[in-house]
Every structure is written in C-alpha cells, then in structure tokens.
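**Student:** Quick one: structure below, then a few questions.
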Amino acid sequence: EVLGFGKVIADHMLKCTWRADTGWAPPEICPSGPIALHPFSHVFHYASTCYEGMKVYRDAQDRVRLFRPTLNMARFHDSCERMCLPPFDQNALLRCIEQLVRLDADWVPRKKGYSMYMRPLAFSTTPWLGLTQCSEAMIFVLLCPVGPYFKSGFQSIKLNVEERHIRAWPGGVGNTKCGGNYGPTVLPQIEASRAGCSQALFLYGKEQIVTEAGTMNIFFLWRTEEGEEELITPWLDDGCILPGITRRSVLELCREWGEFKVTEKSVTLPPLLKAAEEGRLLECFGTGTAAVIQPVKSLTYEGKEYELPICATGEASGPLAMRLTETLVDIQEGRIDHEWSTVVN
C-alpha cells in the first residue's frame, strides 16, 4: 500500500563481472545487499556507468511479463559501447534476467497499477586513478516492487522551460542512458518546483531546440497553421535525446492508427508558444518507463504560463494521452494480446 519508487529491493540480484584479461565470468544470482569496491574505481571518479529502466508486470492469469525487453538490451549495449564499458551478449543477459525474474516472481505485486521495476546497470571498477581504458567492470540487475507513479490518480503537470541548464547537445551523450546525464538535472527540477512546476523542459541553442522534459521524451499534438493535425516529437538525428522504448511504442501505435500526421523532427520553442496562444496546441505529454504517459497542462516561459486545453476543461489528460496510456498499460499487463508483451515462463 505504501510502495514508493526505488525504496524496497527484492531478495536477489544478478551479478556479472568482467576483466580485460579473462572476459566475462559466469553470471551469479546472489542475495541482494551491499557490494565492496576499490576506492579508486573509475565509477566513483569519472562516472563510467550506464543503466536501463524496465518493468515486470503481472497479468490476470497470474503470469509475469516483460515489455519489449530486447529493445532495452540493445539500448543498454549501445550505452555501454559509448561509455567504453565491455560489450556483452544481449540474448544471454536477457536469459539471465528472465531467470532472476522467475526466482523473485513473488515480488511482482498483484494489485492493479503496481509492477516490479528492474534496473540493469554497468560500471567500471578499474582500480586506477588514471583516466584509462576500462580493465574491470560489473553488471548488476536489481529488482524493486513499485506502486502507481501517480499517487493521487492520473494527473497532469506543469513544465518550466529551462534555457540556462542544458541537458544535452549535438555530439554529446544525450542519447545514452549514462548516469552523468541525470544527476545534473536535479537542480533544474528544484528550480522548476520553485516556479510552481513539476519538471523542466530542456532546450539548447539560440534556436531554442526542445530536447526532453525531466527524464522523459516529450510529444506535442497541434494543429498546424495550415490546419493539419500533427503529433510531433524531437528527432533522434542529432543525438540529443534518449531513444525511449515508450517513445518508440507511441510513435508506432499512432502511425498504425493513421488518424493524424506523425512527425519526428527538430522541434523549437517559439512555434509551440505561438500555437498555444492561438489555441492550436492541443496536447502535450511526456513518455517513459516510470509514468508511461505523463500529461502536461501548461508550459511556463519567462514567467508567463502557456496553458493547454485541459486547463480549461479541468481534465487530467487529453484524449490522445489517455488513449495511449490505456492501450500501453493493457498491452503491458496482458489484457491486449500483443507481440510487445512477453510472458516469462
């Protein structure tokens, strides 16, 4: 009843160790608990680490399910490669994860809206202060039962447009799920809270290019000046945003529905604010593993609040965000039979 996020750890964790001279040792599933590392380990000094975010769901037949896990393995592998951490066999790691899930399946909550969060992480344990190529590393997979993301029900939030603190830029690591991308976003989130908002909407450059909202990918449904309804989201081309699994799922669902134009492109702030003032910005929402879909009701820029239609209606979400939420959750929890949801036998 009181489950938060990341506060309770399940009984077991997966541990994999690597050395440059011997490669990967046999994986171990061991009791969850503290680990001992050399104080010179690169992870402490140079943030040589990356991670993934996944969830395990329980369906009406009491089976446990994973949502598009091969995409998480591929992204985890790409992140490791960018952080110069050792490559791994994606299928083998997924099989190990499935065995961990089987062992701790009783930790997957049975209550609607609850799930078990899974955190694969990799980091360099190279015991030298010199900034050198990784010679020792570890992968851990941790399990954590979690409650609903929305404690008081499905709610929309306000975003504070953030220009001073830049989350990512072309040529950087914005498309990598490395730890160094996330710690620095705490301060902008605190400042957003002081401005009466829940999260920051990050920009970069003189063109005010939109990247992400907090730790989420961001979508806008608008009516163009030509009168066409279009769903837009920042593209992956410049490497500034994370290729989110939920983001990809939203794009694929909306293109399958075929009810409006769906576009990935460079998104800038001025046209969005103009559309909001003219009543053409119909919906805005973030996407991610934790919340699935997070509706947005306003954007605050330079002290002015630009409201979306749900502010006037008092609804928690626009119709598209609600439809996407219901569809994705039904797939994740097995109510809709879909190839994206796999049963862990």
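Chain identifiers are assigned as A, B, and so on, following the order in which chains appear in the structure tokens; residues are numbered from 1 within each chain, and ligands are numbered from 1 in order of appearance.
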If you take only C-alpha atoms and a cut-off of 9 Å, which residues of stretch 64-171 of chain A touch stretch 287-290 of chain A, and what are their nearest atom pairs and distances in Å to one decimal, in chain and number order, as a tab-separated table?

**Tutor:**
residue	atom	partner	partner_atom	distance
A:Tyr117	CA	A:Ala290	CA	8.3
A:Pro148	CA	A:Ala290	CA	8.8
A:Tyr149	CA	A:Ala290	CA	6.5

**Student:** Kindly export the residues of the current selection with all heavy atoms, as a compact mmCIF listing (two decimals), in the first residue's frame.

**Tutor:**
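Saved result, selection20.txt, follows:
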# COMPACT_ATOMS: atom_id res chain seq x y z
N TYR A 117 9.90 -2.79 -10.80
CA TYR A 117 10.89 -2.07 -11.60
C TYR A 117 12.19 -2.86 -11.62
O TYR A 117 12.58 -3.48 -10.63
CB TYR A 117 11.13 -0.68 -11.00
CG TYR A 117 12.08 0.17 -11.80
CD1 TYR A 117 11.65 0.84 -12.94
CD2 TYR A 117 13.41 0.31 -11.41
CE1 TYR A 117 12.52 1.62 -13.68
CE2 TYR A 117 14.29 1.09 -12.14
CZ TYR A 117 13.84 1.75 -13.27
OH TYR A 117 14.71 2.51 -14.00
N PRO A 148 1.83 2.67 -8.08
CA PRO A 148 1.48 3.56 -9.19
C PRO A 148 2.33 4.82 -9.18
O PRO A 148 2.64 5.35 -8.10
CB PRO A 148 0.00 3.87 -8.95
CG PRO A 148 -0.48 2.80 -8.04
CD PRO A 148 0.68 2.40 -7.20
N TYR A 149 2.70 5.28 -10.35
CA TYR A 149 3.50 6.51 -10.45
C TYR A 149 2.71 7.71 -9.93
O TYR A 149 3.26 8.59 -9.30
CB TYR A 149 3.89 6.73 -11.92
CG TYR A 149 4.84 7.87 -12.14
CD1 TYR A 149 6.20 7.72 -11.90
CD2 TYR A 149 4.38 9.10 -12.60
CE1 TYR A 149 7.08 8.77 -12.10
CE2 TYR A 149 5.25 10.15 -12.81
CZ TYR A 149 6.60 9.99 -12.56
OH TYR A 149 7.46 11.04 -12.77

**Student:** List the spatial neighbours of A:Pro109 as a PDB file with N, CA and C atoms, in the first residue's frame - criterion: any atom at most 8 Å away, only C-alpha atoms, same-chain residues fewer than 4 positions off excluded.

**Tutor:**
ATOM      1  N   ARG A  58       2.364  -8.204 -13.874  1.00  0.00           N
ATOM      2  CA  ARG A  58       1.617  -9.432 -13.622  1.00  0.00           C
ATOM      3  C   ARG A  58       0.272  -9.329 -14.326  1.00  0.00           C
ATOM      4  N   TYR A 114       0.321  -1.720 -10.079  1.00  0.00           N
ATOM      5  CA  TYR A 114       1.614  -1.965  -9.457  1.00  0.00           C
ATOM      6  C   TYR A 114       2.462  -2.837 -10.382  1.00  0.00           C
ATOM      7  N   SER A 115       3.766  -2.828 -10.174  1.00  0.00           N
ATOM      8  CA  SER A 115       4.672  -3.621 -11.002  1.00  0.00           C
ATOM      9  C   SER A 115       5.997  -3.784 -10.259  1.00  0.00           C
ATOM     10  N   MET A 116       6.946  -4.428 -10.903  1.00  0.00           N
ATOM     11  CA  MET A 116       8.293  -4.516 -10.338  1.00  0.00           C
ATOM     12  C   MET A 116       9.263  -3.831 -11.292  1.00  0.00           C
ATOM     13  N   PRO A 145       9.899  -3.732  -6.230  1.00  0.00           N
ATOM     14  CA  PRO A 145       8.452  -3.584  -6.420  1.00  0.00           C
ATOM     15  C   PRO A 145       8.044  -2.125  -6.255  1.00  0.00           C
ATOM     16  N   VAL A 146       7.168  -1.655  -7.132  1.00  0.00           N
ATOM     17  CA  VAL A 146       6.771  -0.243  -7.105  1.00  0.00           C
ATOM     18  C   VAL A 146       5.256  -0.109  -7.216  1.00  0.00           C
TER      19      VAL A 146
END

**Student:** Residues of stretch 33-99 of chain A that have any atom at most 9 Å from an atom of stretch 328-333 of chain A: could you tabulate them with the shortest-distance atom pair and the distance in Å to one decimal, using only C-alpha atoms, ordered by chain and increasing number, as JSON lines?

**Tutor:**
{"residue": "A:Val56", "atom": "CA", "partner": "A:Gln332", "partner_atom": "CA", "distance": 8.7}
{"residue": "A:Tyr57", "atom": "CA", "partner": "A:Glu333", "partner_atom": "CA", "distance": 5.7}
{"residue": "A:Arg58", "atom": "CA", "partner": "A:Glu333", "partner_atom": "CA", "distance": 6.1}
{"residue": "A:Asp59", "atom": "CA", "partner": "A:Glu333", "partner_atom": "CA", "distance": 5.0}
{"residue": "A:Ala60", "atom": "CA", "partner": "A:Glu333", "partner_atom": "CA", "distance": 7.8}
{"residue": "A:Val64", "atom": "CA", "partner": "A:Glu333", "partner_atom": "CA", "distance": 8.6}
{"residue": "A:Arg65", "atom": "CA", "partner": "A:Glu333", "partner_atom": "CA", "distance": 7.2}
{"residue": "A:Leu66", "atom": "CA", "partner": "A:Gln332", "partner_atom": "CA", "distance": 7.3}
{"residue": "A:Phe67", "atom": "CA", "partner": "A:Gln332", "partner_atom": "CA", "distance": 5.9}

**Student:** Hey, what does DSSP flag as strand (DSSP E or B) within stretch 42-125 of chain A? Can you give it to me as a short mmCIF file (atom, residue, chain, number, x, y, z; two decimals) with N, CA and C atoms, in the first residue's frame?

**Tutor:**
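Saved file states_16.cif follows:
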data_model
loop_
_atom_site.label_atom_id
_atom_site.label_comp_id
_atom_site.auth_asym_id
_atom_site.auth_seq_id
_atom_site.Cartn_x
_atom_site.Cartn_y
_atom_site.Cartn_z
N THR A 49 29.57 4.85 -16.05
CA THR A 49 28.43 4.00 -15.73
C THR A 49 27.26 4.30 -16.65
N CYS A 50 26.41 3.30 -16.85
CA CYS A 50 25.16 3.47 -17.59
C CYS A 50 24.17 2.47 -17.05
N TYR A 51 22.91 2.66 -17.39
CA TYR A 51 21.88 1.78 -16.83
C TYR A 51 20.69 1.69 -17.76
N MET A 54 13.44 -0.92 -16.73
CA MET A 54 12.48 -1.87 -17.27
C MET A 54 11.44 -2.16 -16.18
N LYS A 55 10.36 -2.80 -16.55
CA LYS A 55 9.36 -3.21 -15.57
C LYS A 55 8.90 -4.64 -15.84
N VAL A 56 8.52 -5.30 -14.76
CA VAL A 56 7.92 -6.62 -14.82
C VAL A 56 6.47 -6.48 -14.38
N TYR A 57 5.54 -7.01 -15.17
CA TYR A 57 4.10 -6.85 -14.90
C TYR A 57 3.47 -8.22 -14.62
N ARG A 58 2.36 -8.20 -13.87
CA ARG A 58 1.62 -9.43 -13.62
C ARG A 58 0.27 -9.33 -14.33
N VAL A 64 3.91 -13.49 -15.13
CA VAL A 64 4.70 -12.26 -15.15
C VAL A 64 5.18 -12.00 -16.57
N ARG A 65 5.25 -10.71 -16.91
CA ARG A 65 5.52 -10.30 -18.28
C ARG A 65 6.58 -9.20 -18.34
N LEU A 66 7.31 -9.18 -19.45
CA LEU A 66 8.24 -8.10 -19.77
C LEU A 66 7.73 -7.35 -21.00
N PHE A 67 8.05 -6.06 -21.09
CA PHE A 67 7.60 -5.23 -22.20
C PHE A 67 8.79 -4.86 -23.09
N SER A 115 3.77 -2.83 -10.17
CA SER A 115 4.67 -3.62 -11.00
C SER A 115 6.00 -3.78 -10.26
N MET A 116 6.95 -4.43 -10.90
CA MET A 116 8.29 -4.52 -10.34
C MET A 116 9.26 -3.83 -11.29
N TYR A 117 9.90 -2.79 -10.80
CA TYR A 117 10.89 -2.07 -11.60
C TYR A 117 12.19 -2.86 -11.62
N MET A 118 12.86 -2.84 -12.76
CA MET A 118 14.11 -3.57 -12.93
C MET A 118 15.19 -2.61 -13.41
N ARG A 119 16.32 -2.64 -12.73
CA ARG A 119 17.42 -1.71 -13.04
C ARG A 119 18.69 -2.48 -13.39
N PRO A 120 18.93 -2.76 -14.67
CA PRO A 120 20.26 -3.23 -15.08
C PRO A 120 21.23 -2.03 -15.09
N LEU A 121 22.41 -2.23 -14.56
CA LEU A 121 23.41 -1.16 -14.60
C LEU A 121 24.79 -1.75 -14.81
N ALA A 122 25.64 -0.99 -15.48
CA ALA A 122 27.02 -1.39 -15.74
C ALA A 122 27.93 -0.26 -15.29
N PHE A 123 29.10 -0.61 -14.77
CA PHE A 123 30.03 0.43 -14.34
C PHE A 123 31.45 -0.11 -14.32
N SER A 124 32.41 0.80 -14.48
CA SER A 124 33.81 0.44 -14.46
C SER A 124 34.32 0.36 -13.03
#

**Student:** Which of stretch 20-260 of chain A counts as helix (DSSP H, G or I) under DSSP, as JSON, numbers by chain please?

**Tutor:** {"A": [42, 43, 44, 45, 46, 69, 70, 71, 72, 73, 74, 75, 76, 77, 78, 79, 80, 81, 82, 90, 91, 92, 93, 94, 95, 96, 97, 98, 99, 100, 101, 102, 103, 105, 106, 107, 179, 180, 181, 183, 184, 185, 186, 187, 188, 189, 190, 191, 192, 193, 194, 245, 246, 247, 248, 249, 250, 251, 252, 253, 254, 255, 256, 257]}

**Student:** May I ask which of the residues A:Gly33, A:Gly113, A:Pro87, A:Pro127 is the closest one to A:His45, counting only C-alpha atoms?

**Tutor:**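 Nearest candidate to A:His45 out of A:Gly33, A:Gly113, A:Pro87, A:Pro127: A:Pro127.
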
**Student:** Counting only C-alpha atoms, figure out which residue out of A:Ala47, A:Ser198, A:Leu93, A:Asp21 gets nearest to A:Gly183.

**Tutor:**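 Smallest distance to A:Gly183 is found for A:Ala47.
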
**Student:** Within 10 Å of A:Leu100, counting only C-alpha atoms, which residues qualify if same-chain residues fewer than 6 places away don't, as a CSV table (one decimal) with all heavy atoms, in the first residue's frame?

**Tutor:**
chain,number,residue,atom,x,y,z
A,11,ASP,N,14.6,-9.9,-3.1
A,11,ASP,CA,15.6,-10.8,-2.4
A,11,ASP,C,16.9,-11.0,-3.1
A,11,ASP,O,17.9,-11.2,-2.5
A,11,ASP,CB,14.9,-12.1,-2.2
A,11,ASP,CG,13.8,-12.1,-1.1
A,11,ASP,OD1,13.9,-11.2,-0.2
A,11,ASP,OD2,12.9,-12.9,-1.2
A,12,HIS,N,16.9,-11.0,-4.5
A,12,HIS,CA,18.0,-11.4,-5.2
A,12,HIS,C,18.4,-10.4,-6.3
A,12,HIS,O,17.6,-9.5,-6.7
A,12,HIS,CB,17.8,-12.7,-5.9
A,12,HIS,CG,17.5,-13.9,-5.0
A,12,HIS,ND1,16.2,-14.2,-4.6
A,12,HIS,CD2,18.4,-14.7,-4.3
A,12,HIS,CE1,16.3,-15.2,-3.7
A,12,HIS,NE2,17.6,-15.6,-3.6
A,13,MET,N,19.7,-10.4,-6.7
A,13,MET,CA,20.2,-9.6,-7.7
A,13,MET,C,21.1,-10.4,-8.6
A,13,MET,O,21.7,-11.4,-8.2
A,13,MET,CB,20.9,-8.4,-7.2
A,13,MET,CG,22.1,-8.7,-6.3
A,13,MET,SD,22.8,-7.1,-5.5
A,13,MET,CE,24.2,-7.8,-4.7
A,14,LEU,N,21.2,-10.0,-9.9
A,14,LEU,CA,22.1,-10.6,-10.8
A,14,LEU,C,23.5,-9.9,-10.8
A,14,LEU,O,23.5,-8.6,-10.9
A,14,LEU,CB,21.5,-10.6,-12.2
A,14,LEU,CG,22.3,-11.1,-13.4
A,14,LEU,CD1,22.6,-12.6,-13.2
A,14,LEU,CD2,21.7,-10.8,-14.7
A,28,GLU,N,26.2,-14.6,-11.8
A,28,GLU,CA,25.7,-15.2,-10.5
A,28,GLU,C,24.4,-14.5,-10.1
A,28,GLU,O,24.2,-13.3,-10.3
A,28,GLU,CB,26.7,-14.8,-9.3
A,28,GLU,CG,28.1,-15.3,-9.5
A,28,GLU,CD,29.0,-14.8,-8.4
A,28,GLU,OE1,28.7,-15.0,-7.3
A,28,GLU,OE2,30.0,-14.1,-8.8
A,29,ILE,N,23.5,-15.2,-9.5
A,29,ILE,CA,22.3,-14.7,-8.9
A,29,ILE,C,22.6,-14.9,-7.4
A,29,ILE,O,22.7,-16.0,-6.9
A,29,ILE,CB,21.0,-15.3,-9.3
A,29,ILE,CG1,20.7,-15.0,-10.8
A,29,ILE,CG2,19.8,-14.9,-8.4
A,29,ILE,CD1,19.4,-15.6,-11.3
A,30,CYS,N,22.6,-13.7,-6.6
A,30,CYS,CA,23.0,-13.8,-5.2
A,30,CYS,C,22.0,-12.9,-4.4
A,30,CYS,O,21.3,-12.2,-5.0
A,30,CYS,CB,24.4,-13.3,-5.1
A,30,CYS,SG,24.7,-11.6,-5.8
A,94,LEU,N,19.6,-11.3,-21.3
A,94,LEU,CA,18.2,-11.4,-21.2
A,94,LEU,C,17.7,-12.7,-20.6
A,94,LEU,O,16.8,-12.7,-19.7
A,94,LEU,CB,17.5,-11.1,-22.5
A,94,LEU,CG,16.0,-11.1,-22.5
A,94,LEU,CD1,15.4,-10.1,-21.5
A,94,LEU,CD2,15.4,-10.8,-23.9
A,141,VAL,N,21.9,-6.4,-12.0
A,141,VAL,CA,20.4,-6.2,-12.3
A,141,VAL,C,19.7,-6.3,-10.9
A,141,VAL,O,19.8,-7.3,-10.2
A,141,VAL,CB,19.9,-7.3,-13.3
A,141,VAL,CG1,18.4,-7.0,-13.5
A,141,VAL,CG2,20.7,-7.2,-14.6
A,142,LEU,N,19.0,-5.2,-10.6
A,142,LEU,CA,18.3,-5.1,-9.3
A,142,LEU,C,16.8,-5.0,-9.6
A,142,LEU,O,16.3,-4.5,-10.6
A,142,LEU,CB,18.8,-3.8,-8.6
A,142,LEU,CG,20.3,-3.6,-8.6
A,142,LEU,CD1,20.6,-2.2,-8.0
A,142,LEU,CD2,21.0,-4.7,-7.7
A,143,LEU,N,16.1,-5.5,-8.6
A,143,LEU,CA,14.6,-5.6,-8.7
A,143,LEU,C,14.0,-4.8,-7.6
A,143,LEU,O,14.5,-4.9,-6.4
A,143,LEU,CB,14.1,-7.0,-8.7
A,143,LEU,CG,14.6,-8.0,-9.7
A,143,LEU,CD1,14.1,-9.4,-9.5
A,143,LEU,CD2,14.3,-7.5,-11.1

**Student:** Name the residues in contact with A:Pro39 at a cut-off of 10 Å, using only C-alpha atoms, excluding same-chain residues fewer than 4 positions from it; report them as a list in words.

**Tutor:** Val43, Phe44, His45, Thr125, Thr126, Pro127, Trp128 and Leu129 of chain A

**Student:** Kindly indicate which residue among A:Cys80, A:Leu281, A:Ile157, A:Ile232 lies nearest to A:Gly214, using only C-alpha atoms for the distances.

**Tutor:**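 Under the stated criterion, the closest residue is A:Ile157.
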
**Student:** Give one line per residue of stretch 6-119 of chain A that approaches stretch 165-177 of chain A to at most 12 Å, naming the two atoms of the closest pair and their distance in Å to one decimal, counting only C-alpha atoms; sort by chain then ascending residue number and deliver it as a Markdown table.

**Tutor:**
| residue | atom | partner | partner_atom | distance |
| --- | --- | --- | --- | --- |
| A:Ala47 | CA | A:Lys177 | CA | 11.9 |
| A:Ser48 | CA | A:Lys177 | CA | 11.4 |
| A:Thr49 | CA | A:Lys177 | CA | 8.8 |
| A:Cys50 | CA | A:Lys177 | CA | 5.5 |
| A:Tyr51 | CA | A:Lys177 | CA | 5.9 |
| A:Glu52 | CA | A:Lys177 | CA | 6.8 |
| A:Gly53 | CA | A:Lys177 | CA | 9.2 |
| A:Asn72 | CA | A:Lys177 | CA | 10.6 |
| A:Met73 | CA | A:Lys177 | CA | 12.0 |
| A:Ala74 | CA | A:Thr176 | CA | 11.6 |
| A:Arg75 | CA | A:Thr176 | CA | 8.0 |
| A:Phe76 | CA | A:Lys177 | CA | 7.6 |
| A:His77 | CA | A:Thr176 | CA | 10.0 |
| A:Asp78 | CA | A:Thr176 | CA | 7.5 |
| A:Ser79 | CA | A:Thr176 | CA | 5.1 |
| A:Cys80 | CA | A:Thr176 | CA | 8.6 |
| A:Glu81 | CA | A:Thr176 | CA | 9.6 |
| A:Arg82 | CA | A:Thr176 | CA | 7.4 |
| A:Met83 | CA | A:Thr176 | CA | 8.6 |
| A:Cys84 | CA | A:Thr176 | CA | 11.9 |
| A:Arg119 | CA | A:Lys177 | CA | 11.7 |

**Student:** Residues as selected, N, CA, C and O atoms, written as a PDB file, in the first residue's frame, can you do that?

**Tutor:**
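Result saved to selection_11.pdb:
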ATOM      1  N   ALA A  47      32.452   8.798 -13.453  1.00  0.00           N
ATOM      2  CA  ALA A  47      31.064   8.488 -13.838  1.00  0.00           C
ATOM      3  C   ALA A  47      30.994   7.505 -15.001  1.00  0.00           C
ATOM      4  O   ALA A  47      30.166   7.638 -15.906  1.00  0.00           O
ATOM      5  N   SER A  48      31.864   6.505 -14.958  1.00  0.00           N
ATOM      6  CA  SER A  48      31.886   5.481 -16.011  1.00  0.00           C
ATOM      7  C   SER A  48      30.785   4.465 -15.735  1.00  0.00           C
ATOM      8  O   SER A  48      31.035   3.358 -15.246  1.00  0.00           O
ATOM      9  N   THR A  49      29.567   4.852 -16.053  1.00  0.00           N
ATOM     10  CA  THR A  49      28.428   4.000 -15.729  1.00  0.00           C
ATOM     11  C   THR A  49      27.259   4.298 -16.651  1.00  0.00           C
ATOM     12  O   THR A  49      27.127   5.418 -17.172  1.00  0.00           O
ATOM     13  N   CYS A  50      26.412   3.301 -16.850  1.00  0.00           N
ATOM     14  CA  CYS A  50      25.163   3.474 -17.585  1.00  0.00           C
ATOM     15  C   CYS A  50      24.166   2.465 -17.051  1.00  0.00           C
ATOM     16  O   CYS A  50      24.533   1.531 -16.337  1.00  0.00           O
ATOM     17  N   TYR A  51      22.911   2.664 -17.391  1.00  0.00           N
ATOM     18  CA  TYR A  51      21.881   1.777 -16.831  1.00  0.00           C
ATOM     19  C   TYR A  51      20.687   1.687 -17.762  1.00  0.00           C
ATOM     20  O   TYR A  51      20.599   2.375 -18.772  1.00  0.00           O
ATOM     21  N   GLU A  52      19.741   0.835 -17.380  1.00  0.00           N
ATOM     22  CA  GLU A  52      18.473   0.690 -18.086  1.00  0.00           C
ATOM     23  C   GLU A  52      17.334   0.775 -17.084  1.00  0.00           C
ATOM     24  O   GLU A  52      17.527   0.615 -15.871  1.00  0.00           O
ATOM     25  N   GLY A  53      16.145   1.033 -17.586  1.00  0.00           N
ATOM     26  CA  GLY A  53      14.934   1.011 -16.773  1.00  0.00           C
ATOM     27  C   GLY A  53      13.897   0.123 -17.440  1.00  0.00           C
ATOM     28  O   GLY A  53      13.533   0.343 -18.602  1.00  0.00           O
ATOM     29  N   ASN A  72      15.415  -2.896 -24.740  1.00  0.00           N
ATOM     30  CA  ASN A  72      16.222  -2.445 -23.600  1.00  0.00           C
ATOM     31  C   ASN A  72      17.628  -3.009 -23.667  1.00  0.00           C
ATOM     32  O   ASN A  72      18.613  -2.314 -23.375  1.00  0.00           O
ATOM     33  N   MET A  73      17.746  -4.287 -24.042  1.00  0.00           N
ATOM     34  CA  MET A  73      19.071  -4.895 -24.137  1.00  0.00           C
ATOM     35  C   MET A  73      19.915  -4.207 -25.215  1.00  0.00           C
ATOM     36  O   MET A  73      21.111  -3.952 -25.011  1.00  0.00           O
ATOM     37  N   ALA A  74      19.293  -3.886 -26.333  1.00  0.00           N
ATOM     38  CA  ALA A  74      20.024  -3.211 -27.410  1.00  0.00           C
ATOM     39  C   ALA A  74      20.479  -1.821 -26.978  1.00  0.00           C
ATOM     40  O   ALA A  74      21.621  -1.416 -27.248  1.00  0.00           O
ATOM     41  N   ARG A  75      19.595  -1.082 -26.297  1.00  0.00           N
ATOM     42  CA  ARG A  75      19.968   0.263 -25.851  1.00  0.00           C
ATOM     43  C   ARG A  75      21.048   0.204 -24.766  1.00  0.00           C
ATOM     44  O   ARG A  75      21.966   1.026 -24.747  1.00  0.00           O
ATOM     45  N   PHE A  76      20.932  -0.781 -23.865  1.00  0.00           N
ATOM     46  CA  PHE A  76      21.937  -0.965 -22.819  1.00  0.00           C
ATOM     47  C   PHE A  76      23.299  -1.253 -23.443  1.00  0.00           C
ATOM     48  O   PHE A  76      24.333  -0.709 -23.030  1.00  0.00           O
ATOM     49  N   HIS A  77      23.308  -2.085 -24.460  1.00  0.00           N
ATOM     50  CA  HIS A  77      24.549  -2.426 -25.172  1.00  0.00           C
ATOM     51  C   HIS A  77      25.139  -1.174 -25.817  1.00  0.00           C
ATOM     52  O   HIS A  77      26.358  -0.930 -25.740  1.00  0.00           O
ATOM     53  N   ASP A  78      24.299  -0.353 -26.450  1.00  0.00           N
ATOM     54  CA  ASP A  78      24.775   0.885 -27.088  1.00  0.00           C
ATOM     55  C   ASP A  78      25.345   1.847 -26.050  1.00  0.00           C
ATOM     56  O   ASP A  78      26.372   2.502 -26.289  1.00  0.00           O
ATOM     57  N   SER A  79      24.689   1.950 -24.893  1.00  0.00           N
ATOM     58  CA  SER A  79      25.179   2.829 -23.837  1.00  0.00           C
ATOM     59  C   SER A  79      26.539   2.356 -23.328  1.00  0.00           C
ATOM     60  O   SER A  79      27.456   3.170 -23.109  1.00  0.00           O
ATOM     61  N   CYS A  80      26.676   1.052 -23.129  1.00  0.00           N
ATOM     62  CA  CYS A  80      27.964   0.507 -22.682  1.00  0.00           C
ATOM     63  C   CYS A  80      29.063   0.815 -23.696  1.00  0.00           C
ATOM     64  O   CYS A  80      30.185   1.199 -23.328  1.00  0.00           O
ATOM     65  N   GLU A  81      28.743   0.652 -24.958  1.00  0.00           N
ATOM     66  CA  GLU A  81      29.726   0.916 -26.008  1.00  0.00           C
ATOM     67  C   GLU A  81      30.180   2.371 -25.963  1.00  0.00           C
ATOM     68  O   GLU A  81      31.381   2.667 -26.051  1.00  0.00           O
ATOM     69  N   ARG A  82      29.226   3.308 -25.800  1.00  0.00           N
ATOM     70  CA  ARG A  82      29.582   4.735 -25.762  1.00  0.00           C
ATOM     71  C   ARG A  82      30.413   5.080 -24.527  1.00  0.00           C
ATOM     72  O   ARG A  82      31.290   5.955 -24.580  1.00  0.00           O
ATOM     73  N   MET A  83      30.175   4.389 -23.413  1.00  0.00           N
ATOM     74  CA  MET A  83      30.904   4.667 -22.175  1.00  0.00           C
ATOM     75  C   MET A  83      32.174   3.823 -22.055  1.00  0.00           C
ATOM     76  O   MET A  83      32.821   3.807 -21.004  1.00  0.00           O
ATOM     77  N   CYS A  84      32.550   3.141 -23.146  1.00  0.00           N
ATOM     78  CA  CYS A  84      33.751   2.300 -23.185  1.00  0.00           C
ATOM     79  C   CYS A  84      33.721   1.218 -22.109  1.00  0.00           C
ATOM     80  O   CYS A  84      34.750   0.862 -21.520  1.00  0.00           O
ATOM     81  N   ARG A 119      16.325  -2.637 -12.725  1.00  0.00           N
ATOM     82  CA  ARG A 119      17.418  -1.712 -13.044  1.00  0.00           C
ATOM     83  C   ARG A 119      18.694  -2.481 -13.393  1.00  0.00           C
ATOM     84  O   ARG A 119      19.475  -2.860 -12.525  1.00  0.00           O
TER      85      ARG A 119
END

**Student:** Which residue gives the smallest distance to A:Asn345 among A:Val101, A:Leu282, A:Leu251, A:Val108, with only C-alpha atoms counted?

**Tutor:**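 Going through A:Val101, A:Leu282, A:Leu251, A:Val108 one by one, the smallest distance to A:Asn345 is for A:Val101.
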
**Student:** Report as a list of chain:residue names all protein, DNA and RNA residues lying within 12 Å of A:Trp24, evaluated on only C-alpha atoms, omitting residues in the same chain fewer than 3 positions from it.

**Tutor:**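 The contact residues come out as A:Lys15, A:Cys16, A:Thr17, A:Trp18, A:Arg19, A:Ala20, A:Asp21, A:Pro27, A:Glu28, A:Pro86, A:Pro87, A:Phe88, A:Asp89, A:Ala92, A:Leu93, A:Ser135, A:Glu136, A:Ala137, A:Met138, A:Ile139.
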
**Student:** Tell me, as a PyMOL selection string, which residues lie within 7 Å of A:Gln208, counting only C-alpha atoms; anything in the same chain fewer than 5 positions away does not count.

**Tutor:** chain A and resi 203+268-269

**Student:** What lies within 12 Å of A:Lys297 using only C-alpha atoms, ignoring chain neighbours under 2 positions off, as a ChimeraX atom specification?

**Tutor:** /A:155-160,197-199,220,276,281-286,294-295,299-300,305-318,321

**Student:** Point out the residue among A:Ile97, A:Asn217, A:Ala10, A:Lys111 with the least atom-to-atom distance to A:Ser32, counting only C-alpha atoms.

**Tutor:**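 The answer is A:Ala10, which sits nearest to A:Ser32.
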
**Student:** If you take only C-alpha atoms and a cut-off of 12 Å, which residues of stretch 159-253 of chain A touch stretch 334-341 of chain A, and what are their nearest atom pairs and distances in Å to one decimal, in chain and number order, as JSON lines?

**Tutor:**
{"residue": "A:Ile245", "atom": "CA", "partner": "A:Trp340", "partner_atom": "CA", "distance": 10.6}
{"residue": "A:Thr246", "atom": "CA", "partner": "A:Trp340", "partner_atom": "CA", "distance": 11.1}
{"residue": "A:Arg248", "atom": "CA", "partner": "A:Trp340", "partner_atom": "CA", "distance": 11.6}
{"residue": "A:Ser249", "atom": "CA", "partner": "A:Trp340", "partner_atom": "CA", "distance": 9.0}
{"residue": "A:Glu252", "atom": "CA", "partner": "A:Trp340", "partner_atom": "CA", "distance": 11.4}
{"residue": "A:Leu253", "atom": "CA", "partner": "A:Trp340", "partner_atom": "CA", "distance": 11.5}

**Student:** How many Å separate atom CA of A:Trp222 from atom CA of A:Val250?

**Tutor:**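 Rounded to one decimal, the two atoms are 16.0 Å apart.
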